[in-house]
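**Student:** So that we are looking at the same thing, I have put the structure below in structure tokens.
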Amino acid sequence: MKKQSITLLSLLIGINSFINATIYTNGENNDSNKWHVYDNSPSGATISNVIDPSEGNVISLNGNGLDNGYILGSISDNSEEAWHNDKEFILKWKMKYDEPFLIFVSIETTQGHKYLTYSPHNYNAGSGHGLGTDANDGTWKSFSRNLVSDLNDINSSNTLLKVNGFLIRGSGLIDDIELTNENNESHLKNLILPSCDSSNPEVQIINENSDWDHINDINKTIFCVSPGDYSDISPISIDINGTSTKPRYILLNNGNNEHPVNLDYTDLAKYRLEFHSSDYWVVDRLAYWEDENPHNKMIVLENSSHNIFNRILGKDVASGISFYTGSNDNIIQNSHMEKTQWSVDFAVNERNESNRTSKLPPYEKRIFADTAAFQLVGLNPNESLKNNIITHNEVINFIDAVQLVRNSNAEYNASIHGTINPRLNGEGTIIEDNVFYVTPLVYTDGHGNFTPDGNKSVTENALDFKFGSLNRNNPVIVKNNVMFGYRPVDNTYSSLSDKGNAMVFHFGARDIIVEKNYIFDSNKGFAIGGPRGDEQGAYNLTFRDNIFYKLPGAGVYMQGPHGDKNTTLFSTAKNILIQHNIFAKAGTDHKEIYLNSSLHIYNTEGVTIDNNSFIDSSQMYFAANHGKIYASKDLNITNNKFYGTSVLQSKEESNSIPDYAIYTGNTKEDEAFNWDSYKNKFLIKRFSNGIPVYKTMR
């Protein structure tokens with residue numbers, strides 16, 4: 001691969017990491033002989049290796065516009081030139097075109113040979129996907145397409161099996177065509193599900209409640225569930241294992257293969273599951289709806305591993321899928337969780353009396369439960385949940401989309417113990433390529449009244465981390481997600497509390513990498529630390545290559561404990577790296593990076609803010625303590641660029657930089673950052689449930 005010059009666009013997208021990939025063409029290798037002209041009418045089309053001033057050696061395709069076609073690889077799966085790539089489904093390439101073009105990607109699917117097509121348009125139609133009208137503006141462009149998602153846009157019931165070739169009509173320069181697993185394809189499982197053949201003795205057709213009695217039958221491995229309401233016997237308990245070579249299946253059997261979000265309830269099967277020390281199950285198209293009891297979780301795993309939950313639908317439920325301690329290597333993918341109404345009943349008898357004595361409304365009208373669509377729950381100290389994956393899901397209007405949460409028995413009180421030693425381990429957790437958001441449906445006026453124009457909400461966060469990884473070599477990864485719509489909590493009828501952060505890291509959450517996410521249209525991007533002296537902060541966190549856009553509260557908020565616990569001295573945010581991020585229109589109400597502290601307590605230690613761009617945002621804001629005790633130790637602020645943004649401000653001291661801080665290479669840019677020319681490139685389009693979500697940053 002050729003060394004790239006860093007452009008403004010590449011800065012926005014972030015610095016790409018070196019990854020494993022299969023490279024099919026690279027001009028530097030003089031491999032133009034791998035290409036062929038597949039349509040030479042009119043004749044004279046040529047393929048050559050030429051030198052481009054900025055890119056070095058590249059492939060030149062030259063003919064009579066769209067009349068001629070060129071191919072790399074093959075159309076036929078039987079050809080020796082076919083790629084036969086059944087492992088890598090992220091396609092990347094670069095091109096420089098100043099005329100119309102049409103790209104065809106040759107793929108094999110469960111429904112036979114297909115093409116995915118791409119052209120320089122702003123719309124999608126049929127099997128075609130638009131790459132933007134500027135894709136052929138005569139400059140070099142880099143593209144990356146998730147072929148699984150693109151195929152799913154066309155037909156959600158089809159599955160990608162292989163990628164075999166790249167075809168293009170039109171004349172121009174092209175280079176660096178590769179397939180890779182970057183983003184999520186090493187984690188998203190392409191499932192080939194068994195048929196519901198009633199003549200197969202291993203198949204159990206479930207038509208009524210009594211048929212579930214066979215769920216733990218050793219001779220049955222495929223459970224085909226007919227549409228119906230089985231919630232009367234839920235949860236259904238599973239305590240038998242499949243194997244890595246022969247998993248057990250629970251499948252919706254309704255005569256089609258549509259994602260349940262696209263179906264009427266009459267076409268779905270409603271039930272709940274509990275897995276007890278049960279491994280190697282695949283559950284596809286389970287649905288559950290209209291049950292707001294926080295104790296009724298759709299799917300629960302205890303000491304259960306290597307299970308896959310695919311195309312799960314949760315509609316107006318309090319809790320979705322919960323992994324409890326000892327549940328490792330599980331996957332949640334292609335699922336849709338959504339709340340559309342809040343006429344809930346969270347009645348818990350022991351709380352009713354306290355509500356009456358405090359003159360609060362009856363408990364059944366209050367939203368007390370801190371619930372989530374997906375949870376990893378540590379019940380006791382020194383427990384682990386390892387290598388679980390949450391990918392390609394859509395979560396809408398949940399109190400939290402994802403929680404790594406500790407049970408009360410596993411709470412850790414730093415002010416009592418005096419050391420930083422969190423004891424829950426979520427190492428290897430991957431939260432990747434999801435979309436988490438809140439809509440105006442749950443916005444309020446701050447006084448319990450719902451209004452689409454409200455500036456408060458009855459939700460909290462996209463991601464709430466109360467623990468992380470205890471293995472520095474196997475961190476928690478949060479990557480390529482989209483989060484938007486979060487507002488400060490309206491707690492008129494709840495005990496919830498949050499300031500509208502898309503992400504929160506506290507209670508000792510540590511060793512977490514957050515990269516290449518888009519966070520926008522929320523009050524704040526993320527917060528580190530907690531508001532009470534008995535809460536821990538967060539440690540060893542990396543935030544890189546993210547885009548934070550339109551966050552009026554703050555892009556980053558590091559908040560220390562406050563109160564009168566001045567005998568406790570500890571850092572609430574330690575070893576934090578904030579690097580190569582874009583902060584655009586962030587902190588316009590307050591500050592884009594807010595290192596806040598309370599009296600007598602150190603707040604941060606070892607914070608590095610390096611090579612970020614701040615665009616039309618408020619200045620950094622550092623809070624100092626009384627008596628010259630500054631909020632931050634070992635603070636490094638290096639090589640950042642500020643466009644239309646003041647550089648620094650200190651809350652209490654005339655000196656804008658805390659003592660002992662390193663401040664070098666930061667520049668106030670005179671020219672304006674032309675955000676308007678780039679914002680429309682971030683058209684967010686999701687997801688695998690068949691209902692794309694479009695949101696343009698404005």
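Every chain in the structure tokens takes a letter, A first, then B, and so on in the order presented; its residues are numbered from 1, and the ligands are numbered from 1 following the presented order.
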Any chance you could tabulate, as JSON lines, the residues of segment 96-132 of chain A at most 12 Å from segment 151-160 of chain A with each one's nearest atom pair and distance in Å to one decimal, using only C-alpha atoms, in chain and rising number order?

**Tutor:**
```
{"residue": "A:Val105", "atom": "CA", "partner": "A:Leu151", "partner_atom": "CA", "distance": 10.8}
{"residue": "A:Ser106", "atom": "CA", "partner": "A:Leu160", "partner_atom": "CA", "distance": 10.9}
{"residue": "A:Ile107", "atom": "CA", "partner": "A:Leu160", "partner_atom": "CA", "distance": 7.2}
{"residue": "A:Glu108", "atom": "CA", "partner": "A:Leu160", "partner_atom": "CA", "distance": 6.4}
{"residue": "A:Thr109", "atom": "CA", "partner": "A:Leu160", "partner_atom": "CA", "distance": 4.6}
{"residue": "A:Thr110", "atom": "CA", "partner": "A:Thr159", "partner_atom": "CA", "distance": 5.5}
{"residue": "A:Gln111", "atom": "CA", "partner": "A:Asn158", "partner_atom": "CA", "distance": 6.4}
{"residue": "A:Gly112", "atom": "CA", "partner": "A:Asn158", "partner_atom": "CA", "distance": 9.4}
{"residue": "A:His113", "atom": "CA", "partner": "A:Leu160", "partner_atom": "CA", "distance": 9.8}
{"residue": "A:Lys114", "atom": "CA", "partner": "A:Leu151", "partner_atom": "CA", "distance": 9.2}
{"residue": "A:Tyr115", "atom": "CA", "partner": "A:Leu151", "partner_atom": "CA", "distance": 9.0}
{"residue": "A:Leu116", "atom": "CA", "partner": "A:Leu151", "partner_atom": "CA", "distance": 7.1}
{"residue": "A:Thr117", "atom": "CA", "partner": "A:Leu151", "partner_atom": "CA", "distance": 10.1}
{"residue": "A:Asn124", "atom": "CA", "partner": "A:Asp153", "partner_atom": "CA", "distance": 9.3}
{"residue": "A:Ala125", "atom": "CA", "partner": "A:Ile154", "partner_atom": "CA", "distance": 8.8}
{"residue": "A:Gly126", "atom": "CA", "partner": "A:Ile154", "partner_atom": "CA", "distance": 6.8}
{"residue": "A:Ser127", "atom": "CA", "partner": "A:Ile154", "partner_atom": "CA", "distance": 5.9}
{"residue": "A:Gly128", "atom": "CA", "partner": "A:Ile154", "partner_atom": "CA", "distance": 8.6}
{"residue": "A:His129", "atom": "CA", "partner": "A:Asp153", "partner_atom": "CA", "distance": 9.3}
```

**Student:** Restricting it to N, CA and C atoms, dump the selection as a compact mmCIF listing (two decimals), in the first residue's frame.

**Tutor:**
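Wrote it out as again.txt, contents follow:
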```txt
# COMPACT_ATOMS: atom_id res chain seq x y z
N VAL A 105 -19.84 -5.73 -8.02
CA VAL A 105 -19.10 -6.67 -7.19
C VAL A 105 -19.79 -8.02 -7.31
N SER A 106 -19.04 -8.99 -7.78
CA SER A 106 -19.60 -10.33 -8.02
C SER A 106 -19.56 -11.14 -6.73
N ILE A 107 -20.74 -11.61 -6.29
CA ILE A 107 -20.82 -12.34 -5.03
C ILE A 107 -21.65 -13.61 -5.20
N GLU A 108 -21.40 -14.56 -4.33
CA GLU A 108 -22.21 -15.76 -4.21
C GLU A 108 -23.00 -15.67 -2.92
N THR A 109 -24.28 -16.02 -2.98
CA THR A 109 -25.15 -15.92 -1.81
C THR A 109 -25.95 -17.21 -1.65
N THR A 110 -26.69 -17.28 -0.58
CA THR A 110 -27.56 -18.45 -0.38
C THR A 110 -28.66 -18.50 -1.42
N GLN A 111 -28.86 -17.41 -2.15
CA GLN A 111 -29.85 -17.38 -3.22
C GLN A 111 -29.19 -17.29 -4.60
N GLY A 112 -27.92 -17.75 -4.67
CA GLY A 112 -27.24 -17.81 -5.94
C GLY A 112 -26.34 -16.63 -6.21
N HIS A 113 -25.87 -16.54 -7.47
CA HIS A 113 -24.97 -15.46 -7.87
C HIS A 113 -25.72 -14.12 -7.92
N LYS A 114 -25.08 -13.07 -7.38
CA LYS A 114 -25.67 -11.73 -7.39
C LYS A 114 -24.58 -10.71 -7.67
N TYR A 115 -25.02 -9.48 -7.97
CA TYR A 115 -24.11 -8.34 -8.07
C TYR A 115 -24.54 -7.27 -7.07
N LEU A 116 -23.56 -6.65 -6.46
CA LEU A 116 -23.77 -5.39 -5.76
C LEU A 116 -23.20 -4.30 -6.66
N THR A 117 -23.94 -3.23 -6.88
CA THR A 117 -23.50 -2.20 -7.80
C THR A 117 -23.35 -0.86 -7.08
N ASN A 124 -29.87 5.30 -3.33
CA ASN A 124 -29.79 3.86 -3.54
C ASN A 124 -31.05 3.43 -4.29
N ALA A 125 -30.89 2.49 -5.21
CA ALA A 125 -32.03 1.97 -5.96
C ALA A 125 -31.72 0.56 -6.41
N GLY A 126 -32.70 -0.35 -6.23
CA GLY A 126 -32.50 -1.73 -6.64
C GLY A 126 -31.30 -2.34 -5.95
N SER A 127 -30.40 -2.90 -6.74
CA SER A 127 -29.18 -3.48 -6.16
C SER A 127 -28.07 -2.46 -6.07
N GLY A 128 -28.36 -1.19 -6.44
CA GLY A 128 -27.33 -0.17 -6.51
C GLY A 128 -27.22 0.68 -5.27
N HIS A 129 -26.00 1.10 -4.96
CA HIS A 129 -25.73 1.99 -3.84
C HIS A 129 -24.99 3.21 -4.36
```

**Student:** Restricting the calculation to only C-alpha atoms, which member of A:Asn62, A:Thr638, A:Ser41, A:Asn581 is positioned closest to Phe614 of chain A?

**Tutor:**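 Nearest candidate to Phe614 of chain A out of A:Asn62, A:Thr638, A:Ser41, A:Asn581: A:Asn581.
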
**Student:** Can you list, as a PyMOL selection string, every protein, DNA or RNA residue that comes within 10 Å of Gly255 of chain A when you count only C-alpha atoms, leaving out same-chain residues fewer than 3 positions away?

**Tutor:** chain A and resi 196+226-227+252+258+267

**Student:** Would you mind exporting the chosen residues as a PDB file, in the first residue's frame, restricted to N, CA and C atoms?

**Tutor:**
```
ATOM      1  N   CYS A 196     -36.589 -26.517   8.688  1.00  0.00           N
ATOM      2  CA  CYS A 196     -37.567 -27.067   9.635  1.00  0.00           C
ATOM      3  C   CYS A 196     -38.313 -28.228   8.967  1.00  0.00           C
ATOM      4  N   SER A 226     -43.568 -22.246  15.815  1.00  0.00           N
ATOM      5  CA  SER A 226     -44.643 -21.654  15.022  1.00  0.00           C
ATOM      6  C   SER A 226     -45.090 -20.333  15.648  1.00  0.00           C
ATOM      7  N   PRO A 227     -45.626 -19.411  14.858  1.00  0.00           N
ATOM      8  CA  PRO A 227     -46.124 -18.152  15.424  1.00  0.00           C
ATOM      9  C   PRO A 227     -47.153 -18.406  16.524  1.00  0.00           C
ATOM     10  N   LEU A 252     -37.625 -19.377  14.369  1.00  0.00           N
ATOM     11  CA  LEU A 252     -38.999 -19.044  14.026  1.00  0.00           C
ATOM     12  C   LEU A 252     -39.381 -19.786  12.749  1.00  0.00           C
ATOM     13  N   GLU A 258     -37.955 -13.303   6.884  1.00  0.00           N
ATOM     14  CA  GLU A 258     -37.887 -11.864   7.132  1.00  0.00           C
ATOM     15  C   GLU A 258     -37.441 -11.573   8.560  1.00  0.00           C
ATOM     16  N   ASP A 267     -47.298 -12.990  12.960  1.00  0.00           N
ATOM     17  CA  ASP A 267     -46.323 -13.838  12.278  1.00  0.00           C
ATOM     18  C   ASP A 267     -45.141 -14.201  13.166  1.00  0.00           C
TER      19      ASP A 267
END
```

**Student:** Given the choices A:Ser613, A:Asn461, A:Gln579, A:Thr429, which gets closest to Ile512 of chain A if the distance is worked out from only C-alpha atoms?

**Tutor:**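 Looking only at the distances to Ile512 of chain A, the closest residue turns out to be A:Thr429.
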
**Student:** Counting only C-alpha atoms, what is within 12 Å of Ser231 of chain A, bar same-chain residues fewer than 2 positions away, as a PyMOL selection string?

**Tutor:** chain A and resi 208-209+212+227-229+233-236+269-273+286-291+296-298
